[in-house]
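Below is one structure; the comments refer to it alone.
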Amino acid sequence: MRRPQIVTDERRRRHGGTGWLVALVGAVVLVGAPYLPWAYGDEAMDDMTYLGGPSPTQFLGLALGAALLVCLLAARFLVPRLPAARRRWFAWHTGASAVATGALAFQAVVVVAVALELGGLVNVEYGGWIALAGALLAFAGTRLLVPERTATLGRVHSPGWLVIVVIAVVMLGSLLLIAHALDEDDPGVFIALLVFVGAAVVLVLRVGLGGWFSSQTARFRPVLVMAAFLVAFAFPFTQDGSNANMSIATQVLIFAATALGLNIVVGLAGLLDLGYIAFLGAGAFVAAILSGSAFSAVGWNPPFIVTVLISGVVASVLGLIIGSPTLRVSGDYLAIVTLAFGEIFRLVMINLDGNDGPDLTNGSNGIPNIPDLNLLGFDFGEPHVILGVEIPRFANYYFLLLVLIGLVIVVFANLNRSRIGRGWVAIREDEKAAEAMGVNVFGLKLFAFAGGAFLAGVAGAVKAHHDISVTPDQYVFLESAFLLAAVVLGGMGTILGVLVGATLLRLMPEKLRFFDEYRLLAFGLLLVVMMRFRPEGLIASRRRQLEFHEDDEELAAHTGETPPGAGRVEPEGAR
Amino acid sequence: MSTTAEQATFDTLEADEVLLEARGVTMRFGGLVAVDGVDLTVRAGEIVGLIGPNGAGKTTFFNCLTGLYKPTSGVVSFAGRPLRPRPRAVVRAGMARTFQNIRLFQNMTALENVMVGRYCRTSAGPLTSIVRGPKFRREEAETRARAQELLEFVGMPDVADTLARNLPYGDQRRLEVARALATDPQLLLLDEPTAGMNPQETRQAEVLIQRIRQTGLAVVVIEHDMRFIFNLCDRVLCLVRGSVLVEGTPEEVQSDPRVIEAYIGTSADEPDETGSTPEDGAPRA
């Protein structure tokens, strides 16, 4: 795969100085422009009409400009003064390129958003154009900079307290960011915020801090994981008892838990399952039937723990039934059979209405009025006051789902780093050879399939109570496709990747309501772009990355040594 | 290099006890008879060579023995018990193989490759793996230690963390041997272990196979390199067009005119009807 090269190394060497100067001008413009008005109407985004008073979104633009300025100045004035050993700690030029690209995307989003929200490009005031021009200058200029090969900061050993402080700051920052992003109702501001976060993350990774973070936190993996969970637990306390954002958050968590289960099947065992939503549905229906709802055909109402287990077992039995005849054949057949299974499941649920079959699911009306959970006297339907903060209904489910997700993560990570996980990798690599070495190929595939189904069934049981009602039309093929998209987009075989992918795919439709009609078009385009430029997903597992780039010698050569400076390659399942 | 369990098995075996016994193994693909009624007996600690021109059915015969193919007819038994033609059953019974075209798990490290070989001798299930139970931890540590030990045995102690695909060619062949040894076999089937190797690497391979035999394993080896075969083997079978042409000591086979004929081609009055070119399969003596 050869990309056309407009800017050759030769040109970079010759015009690097000019490029630096152009980029510097661009950066200064980017820093200054937020103080100018960007739009003629105050309804656009978060009111960017003032001269001398930047709005929060304009401040984000300023921050990108400032970051670029720091990169450029550091590369020119700081690096030559450092002792030789420290000169290659940071990759300032690489970082400048990344942040300039981010700034350009950011300014473009702002201009487009203003135009869309106010009806036409005429509504963009001169400040907006100047900022865009600055971003263009910065982008063009940074193309001419000679990028550093790698940043060596990842190999620097830092004291433990520093690492822990950084972890705490990062986690606190992400908590505030998530809370802030969820409160953002304006679609333009939301997308601009996403672009800003993306640019910031890429900058941090490219400039060398990412490599430092991943190599240093490897020592404090448990601290990192605990901190992440602590932040997740703290999130409801930032919401002042409001249910609105918590409802979105719980939906994200359900989706993420299911996607993680699917990731065991797809990412670890390498089986393509296009009907995974049916297992979630099976769990949900079982839980609904056993919930004691007045519309349930079964009177038995066991404790929730029992219900959860039954849901999981029923789902995994379905998985065994589908898997045992089909897992003996190769990938494409399995995809088709699971696709059909998803549809069959939905139709069966519609037909179990007493007319066409036994009355079990109430047909297409489904089972409404599922009572809220009550675990050990804790009523999930009622708001509770904890530490002086009101915790509404959805927040209760949020905590339960966090526990569930923690469970799924433990299952995922520990299976991955075990004899079973090695077997899965071996099957993915060379099924025949794995078989000839005594790996139980069929058994391992069936286990992945049934185990994944079990997790989906458990998630479904919680979902039934969370949603209050369960209907067959919640479990359509499109949902399976979105689950798969979350796995592929985030990164097959990784935990963090799928969490990010699931969050993006669930959050975007919530925040971009106006975009609803084009949702499928946009996701289709997104996936095509991903397949072209980063088939291994946003956050790639090292092994998957190798598999997708079979001919990339440089990539292969890097593994097994210290992590590459970019730091975006995580050991499989490490997070 | 043997585990205690394996050692116990060997103690019960007589020196010339029959390990592998194949009777009348036949493999048909439609009208083509690739392997035609081949008999093979391998005794404990023996090294048996399998030679023959290309297309003679040597690898197909291996596939029949190891369960990758289900033979059309014939019986394969191992240590006195009949073998089901399933790869897993074969490996568990104590027969492991390498491949003619290297089939390592390319994106796994060398150590992980060998650890996969331990799969059939370990049993940690999902539950203990998920909760990291004592059984899991013990077994995992043992697996790792044994894999490292095997890497050292084949002479590459320092490559544990190197990806298989980054290893030089000769090392990949040795890694395949280590992976096969990890299954605790009593009989090792090597399919052209020196193909593509330079003379020095071939010599190393010879030494390695000798050392494997010293640990009590029997070896069946497919080779084209005649010097290699004659240095190593106690017995040689020459396979031509699916059936055994000659069986005997290396000297007997080497001097047999039919073997030379099968390789070099026939004399002028008996034209070679298959029209095969001898280059690829010719003995590199």
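In the structure tokens, each chain is lettered A, B, ... as it comes, each chain's residues begin at 1, and ligands are numbered from 1 in order of appearance.
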
Mind running chain A against chain B at 6 Å and telling me each contacting residue's nearest atom pair with the distance in Å (one decimal), counting only C-alpha atoms, chain and number ascending, as CSV?
```
residue,atom,partner,partner_atom,distance
A:Val411,CA,B:Ile130,CA,5.5
A:Asn414,CA,B:Ile130,CA,5.1
A:Leu415,CA,B:Ile130,CA,5.9
A:Glu429,CA,B:Phe105,CA,5.5
A:Ala436,CA,B:Pro87,CA,5.2
A:Met437,CA,B:Gly117,CA,5.6
A:Gly438,CA,B:Arg88,CA,4.4
A:Val439,CA,B:Tyr119,CA,6.0
A:Gly560,CA,B:Asp161,CA,5.7
```

With N, CA and C atoms retained, export the selected residues as a PDB file, in the first residue's frame.
```
ATOM      1  N   VAL A 411     -13.646 -11.512  33.270  1.00  0.00           N
ATOM      2  CA  VAL A 411     -13.769 -12.741  32.474  1.00  0.00           C
ATOM      3  C   VAL A 411     -12.956 -12.607  31.194  1.00  0.00           C
ATOM      4  N   ASN A 414      -8.993 -12.331  31.907  1.00  0.00           N
ATOM      5  CA  ASN A 414      -8.370 -13.532  32.447  1.00  0.00           C
ATOM      6  C   ASN A 414      -8.436 -14.712  31.480  1.00  0.00           C
ATOM      7  N   LEU A 415      -9.537 -14.808  30.739  1.00  0.00           N
ATOM      8  CA  LEU A 415      -9.583 -15.865  29.725  1.00  0.00           C
ATOM      9  C   LEU A 415      -8.527 -15.611  28.661  1.00  0.00           C
ATOM     10  N   GLU A 429      -4.710 -17.999  14.189  1.00  0.00           N
ATOM     11  CA  GLU A 429      -3.493 -17.935  13.375  1.00  0.00           C
ATOM     12  C   GLU A 429      -3.470 -19.042  12.322  1.00  0.00           C
ATOM     13  N   ALA A 436      -3.456 -29.882  14.875  1.00  0.00           N
ATOM     14  CA  ALA A 436      -2.402 -30.894  14.856  1.00  0.00           C
ATOM     15  C   ALA A 436      -1.544 -30.841  16.115  1.00  0.00           C
ATOM     16  N   MET A 437      -1.585 -29.720  16.836  1.00  0.00           N
ATOM     17  CA  MET A 437      -0.836 -29.626  18.091  1.00  0.00           C
ATOM     18  C   MET A 437      -1.698 -30.037  19.276  1.00  0.00           C
ATOM     19  N   GLY A 438      -2.885 -30.530  19.008  1.00  0.00           N
ATOM     20  CA  GLY A 438      -3.710 -31.040  20.082  1.00  0.00           C
ATOM     21  C   GLY A 438      -4.649 -30.037  20.707  1.00  0.00           C
ATOM     22  N   VAL A 439      -4.788 -28.859  20.096  1.00  0.00           N
ATOM     23  CA  VAL A 439      -5.736 -27.885  20.632  1.00  0.00           C
ATOM     24  C   VAL A 439      -7.152 -28.329  20.277  1.00  0.00           C
ATOM     25  N   GLY A 560       8.016  -6.763  21.286  1.00  0.00           N
ATOM     26  CA  GLY A 560       8.936  -7.598  22.036  1.00  0.00           C
ATOM     27  C   GLY A 560      10.049  -6.776  22.654  1.00  0.00           C
TER      28      GLY A 560
END
```

Problem - strand (DSSP E) per DSSP on the backbone: members of stretch 166-254 of chain B, as number ranges by chain - result: B: 187-191, 218-222, 235-240, 243-248

Go ahead and write the selection's residues with N, CA and C atoms as a PDB file, in the first residue's frame.
```pdb
ATOM      1  N   LEU B 187       6.697 -40.390  19.958  1.00  0.00           N
ATOM      2  CA  LEU B 187       7.107 -40.524  18.567  1.00  0.00           C
ATOM      3  C   LEU B 187       6.946 -39.179  17.891  1.00  0.00           C
ATOM      4  N   LEU B 188       8.012 -38.770  17.205  1.00  0.00           N
ATOM      5  CA  LEU B 188       7.993 -37.467  16.550  1.00  0.00           C
ATOM      6  C   LEU B 188       8.038 -37.684  15.043  1.00  0.00           C
ATOM      7  N   LEU B 189       7.094 -37.071  14.324  1.00  0.00           N
ATOM      8  CA  LEU B 189       7.091 -37.162  12.864  1.00  0.00           C
ATOM      9  C   LEU B 189       7.607 -35.849  12.302  1.00  0.00           C
ATOM     10  N   LEU B 190       8.724 -35.906  11.583  1.00  0.00           N
ATOM     11  CA  LEU B 190       9.312 -34.680  11.038  1.00  0.00           C
ATOM     12  C   LEU B 190       9.170 -34.705   9.520  1.00  0.00           C
ATOM     13  N   ASP B 191       8.493 -33.696   8.990  1.00  0.00           N
ATOM     14  CA  ASP B 191       8.266 -33.642   7.548  1.00  0.00           C
ATOM     15  C   ASP B 191       9.284 -32.696   6.922  1.00  0.00           C
ATOM     16  N   ALA B 218      11.156 -41.954  19.642  1.00  0.00           N
ATOM     17  CA  ALA B 218      11.314 -42.482  18.297  1.00  0.00           C
ATOM     18  C   ALA B 218      11.016 -41.359  17.312  1.00  0.00           C
ATOM     19  N   VAL B 219      11.650 -41.430  16.141  1.00  0.00           N
ATOM     20  CA  VAL B 219      11.476 -40.369  15.156  1.00  0.00           C
ATOM     21  C   VAL B 219      11.230 -40.998  13.781  1.00  0.00           C
ATOM     22  N   VAL B 220      10.227 -40.471  13.092  1.00  0.00           N
ATOM     23  CA  VAL B 220      10.074 -40.810  11.677  1.00  0.00           C
ATOM     24  C   VAL B 220      10.310 -39.527  10.908  1.00  0.00           C
ATOM     25  N   VAL B 221      11.222 -39.596   9.903  1.00  0.00           N
ATOM     26  CA  VAL B 221      11.592 -38.362   9.239  1.00  0.00           C
ATOM     27  C   VAL B 221      11.491 -38.525   7.724  1.00  0.00           C
ATOM     28  N   ILE B 222      10.780 -37.577   7.114  1.00  0.00           N
ATOM     29  CA  ILE B 222      10.734 -37.507   5.653  1.00  0.00           C
ATOM     30  C   ILE B 222      11.883 -36.609   5.210  1.00  0.00           C
ATOM     31  N   ARG B 235      16.576 -47.353   9.898  1.00  0.00           N
ATOM     32  CA  ARG B 235      15.829 -48.061   8.887  1.00  0.00           C
ATOM     33  C   ARG B 235      15.271 -47.034   7.911  1.00  0.00           C
ATOM     34  N   VAL B 236      15.160 -47.413   6.648  1.00  0.00           N
ATOM     35  CA  VAL B 236      14.662 -46.474   5.646  1.00  0.00           C
ATOM     36  C   VAL B 236      13.589 -47.157   4.820  1.00  0.00           C
ATOM     37  N   LEU B 237      12.510 -46.417   4.570  1.00  0.00           N
ATOM     38  CA  LEU B 237      11.480 -46.881   3.649  1.00  0.00           C
ATOM     39  C   LEU B 237      11.508 -45.986   2.431  1.00  0.00           C
ATOM     40  N   CYS B 238      11.439 -46.611   1.237  1.00  0.00           N
ATOM     41  CA  CYS B 238      11.335 -45.785   0.049  1.00  0.00           C
ATOM     42  C   CYS B 238       9.926 -45.940  -0.507  1.00  0.00           C
ATOM     43  N   LEU B 239       9.234 -44.808  -0.592  1.00  0.00           N
ATOM     44  CA  LEU B 239       7.853 -44.804  -1.042  1.00  0.00           C
ATOM     45  C   LEU B 239       7.828 -44.329  -2.490  1.00  0.00           C
ATOM     46  N   VAL B 240       7.198 -45.104  -3.365  1.00  0.00           N
ATOM     47  CA  VAL B 240       7.051 -44.662  -4.750  1.00  0.00           C
ATOM     48  C   VAL B 240       5.597 -44.847  -5.162  1.00  0.00           C
ATOM     49  N   SER B 243       3.138 -46.611  -2.680  1.00  0.00           N
ATOM     50  CA  SER B 243       3.394 -47.852  -1.947  1.00  0.00           C
ATOM     51  C   SER B 243       4.879 -48.016  -1.645  1.00  0.00           C
ATOM     52  N   VAL B 244       5.173 -48.889  -0.683  1.00  0.00           N
ATOM     53  CA  VAL B 244       6.546 -49.085  -0.255  1.00  0.00           C
ATOM     54  C   VAL B 244       7.295 -49.882  -1.314  1.00  0.00           C
ATOM     55  N   LEU B 245       8.362 -49.296  -1.824  1.00  0.00           N
ATOM     56  CA  LEU B 245       9.143 -49.975  -2.850  1.00  0.00           C
ATOM     57  C   LEU B 245      10.191 -50.854  -2.194  1.00  0.00           C
ATOM     58  N   VAL B 246      10.933 -50.246  -1.264  1.00  0.00           N
ATOM     59  CA  VAL B 246      12.002 -50.969  -0.592  1.00  0.00           C
ATOM     60  C   VAL B 246      11.987 -50.585   0.872  1.00  0.00           C
ATOM     61  N   GLU B 247      12.296 -51.544   1.740  1.00  0.00           N
ATOM     62  CA  GLU B 247      12.484 -51.204   3.142  1.00  0.00           C
ATOM     63  C   GLU B 247      13.731 -51.923   3.606  1.00  0.00           C
ATOM     64  N   GLY B 248      14.569 -51.257   4.386  1.00  0.00           N
ATOM     65  CA  GLY B 248      15.782 -51.910   4.855  1.00  0.00           C
ATOM     66  C   GLY B 248      16.706 -50.927   5.533  1.00  0.00           C
TER      67      GLY B 248
END
```

At a cut-off of 12 Å, using only C-alpha atoms, what residues contact B:Met156? Leave out same-chain residues fewer than 5 positions from it and give the result as a PDB file with all heavy atoms, in the first residue's frame.
```pdb
ATOM      1  N   ALA B 110       7.828 -16.891  20.350  1.00  0.00           N
ATOM      2  CA  ALA B 110       8.361 -18.255  20.318  1.00  0.00           C
ATOM      3  C   ALA B 110       7.865 -19.027  21.536  1.00  0.00           C
ATOM      4  O   ALA B 110       7.413 -20.173  21.424  1.00  0.00           O
ATOM      5  CB  ALA B 110       9.886 -18.210  20.290  1.00  0.00           C
ATOM      6  N   LEU B 111       7.929 -18.363  22.696  1.00  0.00           N
ATOM      7  CA  LEU B 111       7.509 -19.051  23.920  1.00  0.00           C
ATOM      8  C   LEU B 111       6.027 -19.427  23.853  1.00  0.00           C
ATOM      9  O   LEU B 111       5.643 -20.540  24.199  1.00  0.00           O
ATOM     10  CB  LEU B 111       7.765 -18.154  25.136  1.00  0.00           C
ATOM     11  CG  LEU B 111       7.632 -18.859  26.478  1.00  0.00           C
ATOM     12  CD1 LEU B 111       8.817 -19.768  26.725  1.00  0.00           C
ATOM     13  CD2 LEU B 111       7.506 -17.865  27.609  1.00  0.00           C
ATOM     14  N   ALA B 147       8.086 -24.767  28.599  1.00  0.00           N
ATOM     15  CA  ALA B 147       8.272 -24.197  27.262  1.00  0.00           C
ATOM     16  C   ALA B 147       9.663 -23.587  27.135  1.00  0.00           C
ATOM     17  O   ALA B 147      10.364 -23.784  26.137  1.00  0.00           O
ATOM     18  CB  ALA B 147       7.195 -23.138  26.991  1.00  0.00           C
ATOM     19  N   GLN B 148      10.082 -22.876  28.209  1.00  0.00           N
ATOM     20  CA  GLN B 148      11.415 -22.283  28.177  1.00  0.00           C
ATOM     21  C   GLN B 148      12.488 -23.368  28.108  1.00  0.00           C
ATOM     22  O   GLN B 148      13.468 -23.265  27.365  1.00  0.00           O
ATOM     23  CB  GLN B 148      11.599 -21.394  29.427  1.00  0.00           C
ATOM     24  CG  GLN B 148      12.934 -20.683  29.521  1.00  0.00           C
ATOM     25  CD  GLN B 148      13.161 -19.730  28.351  1.00  0.00           C
ATOM     26  OE1 GLN B 148      12.259 -19.031  27.930  1.00  0.00           O
ATOM     27  NE2 GLN B 148      14.376 -19.730  27.796  1.00  0.00           N
ATOM     28  N   GLU B 149      12.252 -24.422  28.863  1.00  0.00           N
ATOM     29  CA  GLU B 149      13.174 -25.554  28.884  1.00  0.00           C
ATOM     30  C   GLU B 149      13.325 -26.138  27.479  1.00  0.00           C
ATOM     31  O   GLU B 149      14.434 -26.470  27.029  1.00  0.00           O
ATOM     32  CB  GLU B 149      12.566 -26.597  29.835  1.00  0.00           C
ATOM     33  CG  GLU B 149      13.462 -27.702  30.299  1.00  0.00           C
ATOM     34  CD  GLU B 149      12.646 -28.711  31.111  1.00  0.00           C
ATOM     35  OE1 GLU B 149      11.616 -28.329  31.703  1.00  0.00           O
ATOM     36  OE2 GLU B 149      13.031 -29.886  31.128  1.00  0.00           O
ATOM     37  N   LEU B 150      12.201 -26.260  26.779  1.00  0.00           N
ATOM     38  CA  LEU B 150      12.237 -26.836  25.434  1.00  0.00           C
ATOM     39  C   LEU B 150      12.938 -25.914  24.451  1.00  0.00           C
ATOM     40  O   LEU B 150      13.665 -26.359  23.564  1.00  0.00           O
ATOM     41  CB  LEU B 150      10.818 -27.145  24.951  1.00  0.00           C
ATOM     42  CG  LEU B 150      10.237 -28.419  25.543  1.00  0.00           C
ATOM     43  CD1 LEU B 150       8.749 -28.506  25.286  1.00  0.00           C
ATOM     44  CD2 LEU B 150      10.948 -29.634  24.964  1.00  0.00           C
ATOM     45  N   LEU B 151      12.726 -24.604  24.619  1.00  0.00           N
ATOM     46  CA  LEU B 151      13.437 -23.656  23.762  1.00  0.00           C
ATOM     47  C   LEU B 151      14.940 -23.822  23.963  1.00  0.00           C
ATOM     48  O   LEU B 151      15.724 -23.781  23.020  1.00  0.00           O
ATOM     49  CB  LEU B 151      13.029 -22.217  24.082  1.00  0.00           C
ATOM     50  CG  LEU B 151      11.691 -21.737  23.514  1.00  0.00           C
ATOM     51  CD1 LEU B 151      11.438 -20.293  23.903  1.00  0.00           C
ATOM     52  CD2 LEU B 151      11.663 -21.873  22.003  1.00  0.00           C
ATOM     53  N   ASP B 161      10.762 -14.105  23.711  1.00  0.00           N
ATOM     54  CA  ASP B 161       9.827 -13.014  23.452  1.00  0.00           C
ATOM     55  C   ASP B 161       9.833 -12.526  22.012  1.00  0.00           C
ATOM     56  O   ASP B 161       9.237 -11.497  21.692  1.00  0.00           O
ATOM     57  CB  ASP B 161      10.124 -11.836  24.393  1.00  0.00           C
ATOM     58  CG  ASP B 161       9.848 -12.233  25.835  1.00  0.00           C
ATOM     59  OD1 ASP B 161       8.948 -13.063  26.036  1.00  0.00           O
ATOM     60  OD2 ASP B 161      10.541 -11.729  26.730  1.00  0.00           O
ATOM     61  N   THR B 162      10.536 -13.239  21.155  1.00  0.00           N
ATOM     62  CA  THR B 162      10.557 -12.838  19.751  1.00  0.00           C
ATOM     63  C   THR B 162       9.356 -13.442  19.032  1.00  0.00           C
ATOM     64  O   THR B 162       9.009 -14.591  19.258  1.00  0.00           O
ATOM     65  CB  THR B 162      11.848 -13.342  19.082  1.00  0.00           C
ATOM     66  OG1 THR B 162      12.940 -12.975  19.911  1.00  0.00           O
ATOM     67  CG2 THR B 162      12.019 -12.744  17.705  1.00  0.00           C
ATOM     68  N   LEU B 167      11.755 -14.708  13.432  1.00  0.00           N
ATOM     69  CA  LEU B 167      12.879 -15.625  13.590  1.00  0.00           C
ATOM     70  C   LEU B 167      13.448 -15.986  12.230  1.00  0.00           C
ATOM     71  O   LEU B 167      12.717 -16.064  11.243  1.00  0.00           O
ATOM     72  CB  LEU B 167      12.414 -16.909  14.281  1.00  0.00           C
ATOM     73  CG  LEU B 167      12.076 -16.823  15.762  1.00  0.00           C
ATOM     74  CD1 LEU B 167      11.491 -18.143  16.235  1.00  0.00           C
ATOM     75  CD2 LEU B 167      13.300 -16.468  16.568  1.00  0.00           C
ATOM     76  N   PRO B 168      14.763 -16.236  12.163  1.00  0.00           N
ATOM     77  CA  PRO B 168      15.333 -16.722  10.904  1.00  0.00           C
ATOM     78  C   PRO B 168      14.777 -18.114  10.575  1.00  0.00           C
ATOM     79  O   PRO B 168      14.272 -18.823  11.443  1.00  0.00           O
ATOM     80  CB  PRO B 168      16.836 -16.771  11.177  1.00  0.00           C
ATOM     81  CG  PRO B 168      17.022 -16.515  12.609  1.00  0.00           C
ATOM     82  CD  PRO B 168      15.765 -16.004  13.188  1.00  0.00           C
ATOM     83  N   GLY B 170      15.911 -21.111   9.815  1.00  0.00           N
ATOM     84  CA  GLY B 170      16.351 -22.309  10.525  1.00  0.00           C
ATOM     85  C   GLY B 170      15.771 -22.374  11.936  1.00  0.00           C
ATOM     86  O   GLY B 170      15.376 -23.437  12.408  1.00  0.00           O
ATOM     87  N   ASP B 171      15.697 -21.209  12.587  1.00  0.00           N
ATOM     88  CA  ASP B 171      15.139 -21.159  13.939  1.00  0.00           C
ATOM     89  C   ASP B 171      13.653 -21.488  13.931  1.00  0.00           C
ATOM     90  O   ASP B 171      13.135 -22.094  14.865  1.00  0.00           O
ATOM     91  CB  ASP B 171      15.353 -19.767  14.544  1.00  0.00           C
ATOM     92  CG  ASP B 171      16.786 -19.561  14.983  1.00  0.00           C
ATOM     93  OD1 ASP B 171      17.575 -20.509  14.779  1.00  0.00           O
ATOM     94  OD2 ASP B 171      17.106 -18.485  15.502  1.00  0.00           O
ATOM     95  N   GLN B 172      12.961 -21.070  12.861  1.00  0.00           N
ATOM     96  CA  GLN B 172      11.535 -21.384  12.778  1.00  0.00           C
ATOM     97  C   GLN B 172      11.340 -22.896  12.729  1.00  0.00           C
ATOM     98  O   GLN B 172      10.441 -23.440  13.360  1.00  0.00           O
ATOM     99  CB  GLN B 172      10.922 -20.738  11.539  1.00  0.00           C
ATOM    100  CG  GLN B 172      10.922 -19.218  11.602  1.00  0.00           C
ATOM    101  CD  GLN B 172       9.912 -18.588  10.663  1.00  0.00           C
ATOM    102  OE1 GLN B 172       9.086 -19.266  10.066  1.00  0.00           O
ATOM    103  NE2 GLN B 172       9.977 -17.277  10.530  1.00  0.00           N
ATOM    104  N   ARG B 173      12.218 -23.576  11.971  1.00  0.00           N
ATOM    105  CA  ARG B 173      12.127 -25.046  11.910  1.00  0.00           C
ATOM    106  C   ARG B 173      12.364 -25.650  13.293  1.00  0.00           C
ATOM    107  O   ARG B 173      11.656 -26.552  13.718  1.00  0.00           O
ATOM    108  CB  ARG B 173      13.167 -25.596  10.929  1.00  0.00           C
ATOM    109  CG  ARG B 173      12.807 -25.365   9.484  1.00  0.00           C
ATOM    110  CD  ARG B 173      12.600 -26.697   8.771  1.00  0.00           C
ATOM    111  NE  ARG B 173      12.145 -26.515   7.399  1.00  0.00           N
ATOM    112  CZ  ARG B 173      10.931 -26.864   6.985  1.00  0.00           C
ATOM    113  NH1 ARG B 173      10.066 -27.404   7.806  1.00  0.00           N
ATOM    114  NH2 ARG B 173      10.597 -26.673   5.728  1.00  0.00           N
ATOM    115  N   ARG B 174      13.352 -25.112  13.993  1.00  0.00           N
ATOM    116  CA  ARG B 174      13.650 -25.656  15.326  1.00  0.00           C
ATOM    117  C   ARG B 174      12.514 -25.364  16.297  1.00  0.00           C
ATOM    118  O   ARG B 174      12.182 -26.177  17.156  1.00  0.00           O
ATOM    119  CB  ARG B 174      14.953 -25.049  15.860  1.00  0.00           C
ATOM    120  CG  ARG B 174      16.175 -25.704  15.236  1.00  0.00           C
ATOM    121  CD  ARG B 174      17.403 -25.345  16.005  1.00  0.00           C
ATOM    122  NE  ARG B 174      17.843 -23.987  15.683  1.00  0.00           N
ATOM    123  CZ  ARG B 174      18.812 -23.373  16.319  1.00  0.00           C
ATOM    124  NH1 ARG B 174      19.430 -23.969  17.314  1.00  0.00           N
ATOM    125  NH2 ARG B 174      19.166 -22.150  15.969  1.00  0.00           N
ATOM    126  N   LEU B 175      11.903 -24.167  16.119  1.00  0.00           N
ATOM    127  CA  LEU B 175      10.784 -23.818  16.999  1.00  0.00           C
ATOM    128  C   LEU B 175       9.628 -24.785  16.782  1.00  0.00           C
ATOM    129  O   LEU B 175       8.945 -25.186  17.728  1.00  0.00           O
ATOM    130  CB  LEU B 175      10.344 -22.377  16.727  1.00  0.00           C
ATOM    131  CG  LEU B 175       9.178 -21.866  17.573  1.00  0.00           C
ATOM    132  CD1 LEU B 175       9.481 -21.995  19.047  1.00  0.00           C
ATOM    133  CD2 LEU B 175       8.859 -20.418  17.236  1.00  0.00           C
ATOM    134  N   VAL B 177       9.908 -27.860  16.006  1.00  0.00           N
ATOM    135  CA  VAL B 177      10.271 -29.089  16.719  1.00  0.00           C
ATOM    136  C   VAL B 177       9.982 -28.923  18.213  1.00  0.00           C
ATOM    137  O   VAL B 177       9.398 -29.804  18.851  1.00  0.00           O
ATOM    138  CB  VAL B 177      11.754 -29.437  16.483  1.00  0.00           C
ATOM    139  CG1 VAL B 177      12.169 -30.599  17.371  1.00  0.00           C
ATOM    140  CG2 VAL B 177      11.991 -29.767  15.013  1.00  0.00           C
ATOM    141  N   ALA B 178      10.353 -27.751  18.757  1.00  0.00           N
ATOM    142  CA  ALA B 178      10.118 -27.505  20.182  1.00  0.00           C
ATOM    143  C   ALA B 178       8.636 -27.558  20.492  1.00  0.00           C
ATOM    144  O   ALA B 178       8.205 -28.125  21.507  1.00  0.00           O
ATOM    145  CB  ALA B 178      10.689 -26.144  20.585  1.00  0.00           C
ATOM    146  N   LEU B 208      20.423 -32.269  16.565  1.00  0.00           N
ATOM    147  CA  LEU B 208      19.206 -32.102  17.372  1.00  0.00           C
ATOM    148  C   LEU B 208      18.398 -33.392  17.380  1.00  0.00           C
ATOM    149  O   LEU B 208      17.932 -33.850  18.430  1.00  0.00           O
ATOM    150  CB  LEU B 208      18.375 -30.945  16.822  1.00  0.00           C
ATOM    151  CG  LEU B 208      17.038 -30.687  17.531  1.00  0.00           C
ATOM    152  CD1 LEU B 208      17.259 -30.347  18.995  1.00  0.00           C
ATOM    153  CD2 LEU B 208      16.260 -29.573  16.847  1.00  0.00           C
TER     154      LEU B 208
END
```

Handout entry: Filtered DSSP result for stretch 332-522 of chain A, state helix (DSSP H, G or I), as a ChimeraX atom specification
Key = /A:332-351,363-365,393-416,419-429,431-436,441-467,472-474,477-490,495-511,513-522

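If you look at atom CA of B:Gly30 and atom CA of A:Ser324, they are 28.9 Å away from each other.
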
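Excluding B:Glu206 itself and any same-chain residue fewer than 4 positions from it, the protein and nucleic acid residues within 8 Å of it, counting only C-alpha atoms, are Thr202, Gln210, Phe228 and Leu232 of chain B.
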
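Separating atom CA of A:Ala133 from atom CA of A:Gly26 is a distance of 7.6 Å.
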
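One finds atom CA of A:Gly173 at 22.6 Å from atom CA of A:Glu510.
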
Practice task
Find the residues near stretch 235-241 of chain A: any atom within 6 Å, counting only C-alpha atoms, skip ones fewer than 6 places away on the same chain, and give them as a PyMOL selection string.
Solution key: chain A and resi 390-392

Problem - For A:Val114: contacts at 10 Å, only C-alpha atoms, fewer than 6 positions along chain excluded, given as a PyMOL selection string - result: chain A and resi 38-45+48+108+120-125+128+188-189
